[in-house]
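*Asks:* I'm passing along structure_23.pdb; it holds PDB, C-alpha atoms.
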```pdb
ATOM      1  CA  LYS A   1      26.586  69.864 -21.714  1.00  0.00           C
ATOM      2  CA  MET A   2      28.058  67.128 -19.550  1.00  0.00           C
ATOM      3  CA  LYS A   3      27.194  69.049 -16.395  1.00  0.00           C
ATOM      4  CA  GLU A   4      23.645  69.430 -17.663  1.00  0.00           C
ATOM      5  CA  LYS A   5      23.280  65.650 -18.227  1.00  0.00           C
ATOM      6  CA  TYR A   6      24.814  64.913 -14.811  1.00  0.00           C
ATOM      7  CA  ALA A   7      22.336  67.366 -13.199  1.00  0.00           C
ATOM      8  CA  ASN A   8      19.443  65.537 -14.950  1.00  0.00           C
ATOM      9  CA  ILE A   9      20.721  62.173 -13.606  1.00  0.00           C
ATOM     10  CA  LEU A  10      20.935  63.588 -10.055  1.00  0.00           C
ATOM     11  CA  LYS A  11      17.460  64.993 -10.420  1.00  0.00           C
ATOM     12  CA  TYR A  12      16.162  61.650 -11.786  1.00  0.00           C
ATOM     13  CA  PHE A  13      17.545  59.757  -8.757  1.00  0.00           C
ATOM     14  CA  GLY A  14      16.374  62.429  -6.326  1.00  0.00           C
ATOM     15  CA  GLU A  15      19.823  63.537  -5.251  1.00  0.00           C
ATOM     16  CA  ASP A  16      21.037  67.021  -4.380  1.00  0.00           C
ATOM     17  CA  ASP A  17      22.276  69.056  -7.389  1.00  0.00           C
ATOM     18  CA  GLY A  18      25.593  69.736  -5.632  1.00  0.00           C
ATOM     19  CA  MET A  19      26.522  66.063  -5.038  1.00  0.00           C
ATOM     20  CA  PRO A  20      30.028  65.251  -6.355  1.00  0.00           C
ATOM     21  CA  SER A  21      30.149  62.663  -9.141  1.00  0.00           C
ATOM     22  CA  ASN A  22      32.565  60.307  -7.325  1.00  0.00           C
ATOM     23  CA  GLU A  23      30.148  60.094  -4.363  1.00  0.00           C
ATOM     24  CA  PHE A  24      27.131  59.533  -6.625  1.00  0.00           C
ATOM     25  CA  PHE A  25      28.780  56.846  -8.757  1.00  0.00           C
ATOM     26  CA  GLY A  26      30.284  55.218  -5.623  1.00  0.00           C
ATOM     27  CA  THR A  27      26.784  54.966  -4.162  1.00  0.00           C
ATOM     28  CA  MET A  28      25.464  53.592  -7.495  1.00  0.00           C
ATOM     29  CA  ASN A  29      28.267  51.003  -7.582  1.00  0.00           C
ATOM     30  CA  LYS A  30      27.501  49.875  -4.017  1.00  0.00           C
ATOM     31  CA  PHE A  31      23.805  49.648  -4.876  1.00  0.00           C
ATOM     32  CA  CYS A  32      24.441  47.588  -8.024  1.00  0.00           C
ATOM     33  CA  SER A  33      26.814  45.239  -6.177  1.00  0.00           C
ATOM     34  CA  ALA A  34      24.344  44.808  -3.314  1.00  0.00           C
ATOM     35  CA  PHE A  35      21.523  44.232  -5.805  1.00  0.00           C
ATOM     36  CA  GLU A  36      23.514  41.529  -7.662  1.00  0.00           C
ATOM     37  CA  THR A  37      24.457  39.821  -4.376  1.00  0.00           C
ATOM     38  CA  THR A  38      20.884  39.904  -3.162  1.00  0.00           C
ATOM     39  CA  GLN A  39      19.608  38.618  -6.498  1.00  0.00           C
ATOM     40  CA  GLU A  40      22.101  35.698  -6.379  1.00  0.00           C
ATOM     41  CA  GLN A  41      21.066  34.882  -2.808  1.00  0.00           C
ATOM     42  CA  HIS A  42      17.421  34.967  -3.832  1.00  0.00           C
ATOM     43  CA  ASN A  43      18.096  32.611  -6.756  1.00  0.00           C
ATOM     44  CA  GLN A  44      19.987  30.193  -4.483  1.00  0.00           C
ATOM     45  CA  MET A  45      17.174  30.276  -1.943  1.00  0.00           C
ATOM     46  CA  GLU A  46      14.649  29.606  -4.715  1.00  0.00           C
ATOM     47  CA  ILE A  47      16.696  26.638  -5.968  1.00  0.00           C
ATOM     48  CA  ALA A  48      16.976  25.267  -2.416  1.00  0.00           C
ATOM     49  CA  ARG A  49      13.219  25.703  -1.899  1.00  0.00           C
ATOM     50  CA  ILE A  50      12.433  23.832  -5.121  1.00  0.00           C
ATOM     51  CA  LYS A  51      14.831  21.010  -4.157  1.00  0.00           C
ATOM     52  CA  GLU A  52      13.224  20.762  -0.724  1.00  0.00           C
ATOM     53  CA  GLU A  53       9.724  20.669  -2.242  1.00  0.00           C
ATOM     54  CA  LYS A  54      10.804  17.862  -4.587  1.00  0.00           C
ATOM     55  CA  LYS A  55      12.383  15.980  -1.682  1.00  0.00           C
ATOM     56  CA  GLN A  56       9.217  16.339   0.404  1.00  0.00           C
ATOM     57  CA  ALA A  57       7.035  15.268  -2.532  1.00  0.00           C
ATOM     58  CA  ALA A  58       9.192  12.165  -3.047  1.00  0.00           C
ATOM     59  CA  HIS A  59       9.005  11.404   0.670  1.00  0.00           C
ATOM     60  CA  ARG A  60       5.205  11.836   0.658  1.00  0.00           C
ATOM     61  CA  ALA A  61       4.914   9.567  -2.387  1.00  0.00           C
ATOM     62  CA  LYS A  62       7.082   6.942  -0.687  1.00  0.00           C
ATOM     63  CA  GLU A  63       4.986   7.124   2.486  1.00  0.00           C
ATOM     64  CA  GLU A  64       1.757   6.932   0.484  1.00  0.00           C
ATOM     65  CA  LYS A  65       3.100   3.870  -1.330  1.00  0.00           C
ATOM     66  CA  LYS A  66       3.995   2.227   2.001  1.00  0.00           C
ATOM     67  CA  LEU A  67       0.565   3.077   3.369  1.00  0.00           C
ATOM     68  CA  ALA A  68      -1.152   1.645   0.291  1.00  0.00           C
ATOM     69  CA  ALA A  69       0.921  -1.540   0.574  1.00  0.00           C
ATOM     70  CA  ARG A  70       0.096  -1.811   4.279  1.00  0.00           C
ATOM     71  CA  LYS A  71      -3.617  -1.298   3.576  1.00  0.00           C
ATOM     72  CA  ALA A  72      -3.522  -3.904   0.789  1.00  0.00           C
ATOM     73  CA  LYS A  73      -1.804  -6.356   3.129  1.00  0.00           C
ATOM     74  CA  GLU A  74      -4.350  -5.672   5.869  1.00  0.00           C
ATOM     75  CA  ALA A  75      -7.205  -6.104   3.391  1.00  0.00           C
ATOM     76  CA  LYS A  76      -5.731  -9.398   2.206  1.00  0.00           C
ATOM     77  CA  GLU A  77      -5.336 -10.590   5.797  1.00  0.00           C
ATOM     78  CA  ALA A  78      -8.904  -9.513   6.585  1.00  0.00           C
ATOM     79  CA  GLN A  79     -10.116 -11.380   3.507  1.00  0.00           C
ATOM     80  CA  LYS A  80      -8.229 -14.508   4.625  1.00  0.00           C
ATOM     81  CA  LEU A  81      -9.706 -14.154   8.103  1.00  0.00           C
ATOM     82  CA  GLU A  82     -13.214 -13.798   6.671  1.00  0.00           C
ATOM     83  CA  ALA A  83     -12.674 -16.872   4.485  1.00  0.00           C
ATOM     84  CA  LYS A  84     -11.410 -18.815   7.505  1.00  0.00           C
ATOM     85  CA  LYS A  85     -14.421 -17.706   9.562  1.00  0.00           C
ATOM     86  CA  ALA A  86     -16.751 -18.720   6.732  1.00  0.00           C
ATOM     87  CA  MET A  87     -15.101 -22.136   6.512  1.00  0.00           C
ATOM     88  CA  GLU A  88     -15.331 -22.559  10.272  1.00  0.00           C
ATOM     89  CA  ALA A  89     -18.978 -21.510  10.189  1.00  0.00           C
ATOM     90  CA  GLU A  90     -19.668 -24.107   7.498  1.00  0.00           C
ATOM     91  CA  ALA A  91     -17.725 -26.775   9.369  1.00  0.00           C
ATOM     92  CA  ALA A  92     -19.197 -25.946  12.781  1.00  0.00           C
ATOM     93  CA  PRO A  93     -22.478 -27.844  12.302  1.00  0.00           C
ATOM     94  CA  ILE A  94     -20.561 -30.895  11.074  1.00  0.00           C
ATOM     95  CA  LEU A  95     -18.162 -30.763  13.998  1.00  0.00           C
ATOM     96  CA  GLU A  96     -20.939 -30.286  16.526  1.00  0.00           C
ATOM     97  CA  ILE A  97     -22.681 -33.545  15.522  1.00  0.00           C
ATOM     98  CA  PRO A  98     -21.392 -36.455  17.636  1.00  0.00           C
ATOM     99  CA  LEU A  99     -19.560 -39.159  15.705  1.00  0.00           C
ATOM    100  CA  GLU A 100     -22.122 -41.837  16.571  1.00  0.00           C
ATOM    101  CA  GLN A 101     -24.932 -39.678  15.226  1.00  0.00           C
ATOM    102  CA  LYS A 102     -22.995 -38.979  12.018  1.00  0.00           C
ATOM    103  CA  VAL A 103     -22.350 -42.732  11.541  1.00  0.00           C
ATOM    104  CA  ALA A 104     -26.040 -43.422  12.091  1.00  0.00           C
ATOM    105  CA  GLU A 105     -26.952 -40.809   9.487  1.00  0.00           C
ATOM    106  CA  VAL A 106     -24.555 -42.347   6.965  1.00  0.00           C
ATOM    107  CA  GLU A 107     -25.920 -45.853   7.624  1.00  0.00           C
ATOM    108  CA  LYS A 108     -29.453 -44.525   7.270  1.00  0.00           C
ATOM    109  CA  GLU A 109     -28.512 -42.978   3.920  1.00  0.00           C
ATOM    110  CA  GLU A 110     -27.003 -46.307   2.809  1.00  0.00           C
ATOM    111  CA  LYS A 111     -30.284 -48.094   3.574  1.00  0.00           C
ATOM    112  CA  SER A 112     -32.442 -45.444   1.937  1.00  0.00           C
ATOM    113  CA  PRO A 113     -34.157 -46.349  -1.367  1.00  0.00           C
ATOM    114  CA  GLU A 114     -32.369 -43.468  -3.102  1.00  0.00           C
ATOM    115  CA  MET A 115     -29.022 -45.256  -2.719  1.00  0.00           C
ATOM    116  CA  ARG A 116     -28.047 -47.390  -5.685  1.00  0.00           C
ATOM    117  CA  GLU A 117     -27.822 -51.117  -5.301  1.00  0.00           C
ATOM    118  CA  VAL A 118     -24.200 -52.230  -4.949  1.00  0.00           C
ATOM    119  CA  THR A 119     -23.448 -55.390  -6.918  1.00  0.00           C
ATOM    120  CA  GLY A 120     -20.531 -57.671  -7.581  1.00  0.00           C
ATOM    121  CA  PRO A 121     -17.413 -58.056  -5.458  1.00  0.00           C
ATOM    122  CA  ALA A 122     -17.994 -54.781  -3.644  1.00  0.00           C
ATOM    123  CA  ALA A 123     -21.421 -55.993  -2.452  1.00  0.00           C
ATOM    124  CA  ALA A 124     -19.904 -59.212  -1.134  1.00  0.00           C
ATOM    125  CA  ALA A 125     -17.167 -57.361   0.696  1.00  0.00           C
ATOM    126  CA  MET A 126     -19.715 -54.984   2.217  1.00  0.00           C
ATOM    127  CA  ALA A 127     -21.882 -57.889   3.334  1.00  0.00           C
ATOM    128  CA  ARG A 128     -18.927 -59.633   5.003  1.00  0.00           C
ATOM    129  CA  HIS A 129     -17.969 -56.414   6.699  1.00  0.00           C
ATOM    130  CA  ARG A 130     -21.492 -55.831   8.022  1.00  0.00           C
ATOM    131  CA  LYS A 131     -21.621 -59.390   9.375  1.00  0.00           C
ATOM    132  CA  SER A 132     -18.328 -58.983  11.173  1.00  0.00           C
ATOM    133  CA  LYS A 133     -18.365 -57.568  14.672  1.00  0.00           C
ATOM    134  CA  ASN A 134     -15.611 -55.093  13.855  1.00  0.00           C
ATOM    135  CA  LYS A 135     -16.702 -51.550  13.205  1.00  0.00           C
ATOM    136  CA  ALA A 136     -13.504 -50.749  11.315  1.00  0.00           C
ATOM    137  CA  PRO A 137     -12.390 -52.398   8.064  1.00  0.00           C
ATOM    138  CA  PRO A 138     -10.026 -55.353   8.480  1.00  0.00           C
ATOM    139  CA  MET A 139      -6.280 -54.781   8.684  1.00  0.00           C
ATOM    140  CA  GLY A 140      -4.900 -54.084   5.273  1.00  0.00           C
ATOM    141  CA  GLY A 141      -7.884 -51.924   4.416  1.00  0.00           C
ATOM    142  CA  ILE A 142      -9.640 -51.784   1.096  1.00  0.00           C
ATOM    143  CA  ALA A 143      -6.950 -53.729  -0.781  1.00  0.00           C
ATOM    144  CA  ASN A 144      -7.506 -56.826   1.406  1.00  0.00           C
ATOM    145  CA  MET A 145     -11.285 -56.398   1.124  1.00  0.00           C
ATOM    146  CA  ALA A 146     -11.030 -56.281  -2.678  1.00  0.00           C
ATOM    147  CA  ALA A 147      -8.714 -59.290  -2.718  1.00  0.00           C
ATOM    148  CA  ALA A 148     -11.073 -61.266  -0.481  1.00  0.00           C
ATOM    149  CA  ALA A 149     -14.043 -60.350  -2.644  1.00  0.00           C
ATOM    150  CA  ALA A 150     -12.313 -61.537  -5.819  1.00  0.00           C
TER     151      ALA A 150
END
```
Show the structure stored in the file as structure tokens.
*Replies:*
Amino acid sequence: KMKEKYANILKYFGEDDGMPSNEFFGTMNKFCSAFETTQEQHNQMEIARIKEEKKQAAHRAKEEKKLAARKAKEAKEAQKLEAKKAMEAEAAPILEIPLEQKVAEVEKEEKSPEMREVTGPAAAAMARHRKSKNKAPPMGGIANMAAAAA
């Protein structure tokens, strides 16, 4: 009965019916050992691959974060530059007008009927200043003018 079962096993694995049992089981043992070794190697390679993928994903995320920060910084700098250009564009017409012309415009505005009438000590100080030959306020500035008007 044992020989019959052994013959069925040989037939199942496609071996010759006359193969000795020690040779067959030796071959099976080598196969099983090689299979286990290969399976362990495969598992280790799979673990290493997964670790490498995680490492690369973390590196990509870090690089994307750096890139986003760099783009945000560049956008902020561009926004500052645009604001500076806008301010310069607004200031350009003012800066292009000669000082004498600007003073004349201010004096013209002061004489215009839309300007309110200045009364009291400030009016007296302004009148004295206009009568003086100096274009600048007297030394001591507004405090001296206010004291003189009082």
*Asks:* What residues come out when you apply the PyMOL selection byres ((chain A and resi 21-31) around 12) to this file, written as a ChimeraX atom specification?
*Replies:* /A:2-3,5-7,9-11,13-20,32-39
*Asks:* Could you work out how far CA of Arg60 (chain A) lies from CA of Gln44 (chain A), giving the answer in Å with one decimal?
*Replies:*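 CA of Gln44 (chain A) sits 24.1 Å away from CA of Arg60 (chain A).
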*Asks:* Which value, in Å to one decimal, gives the distance between CA of Glu74 (chain A) and CA of Ala57 (chain A)?
*Replies:*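 Rounded to one decimal, the two atoms are 25.3 Å apart.
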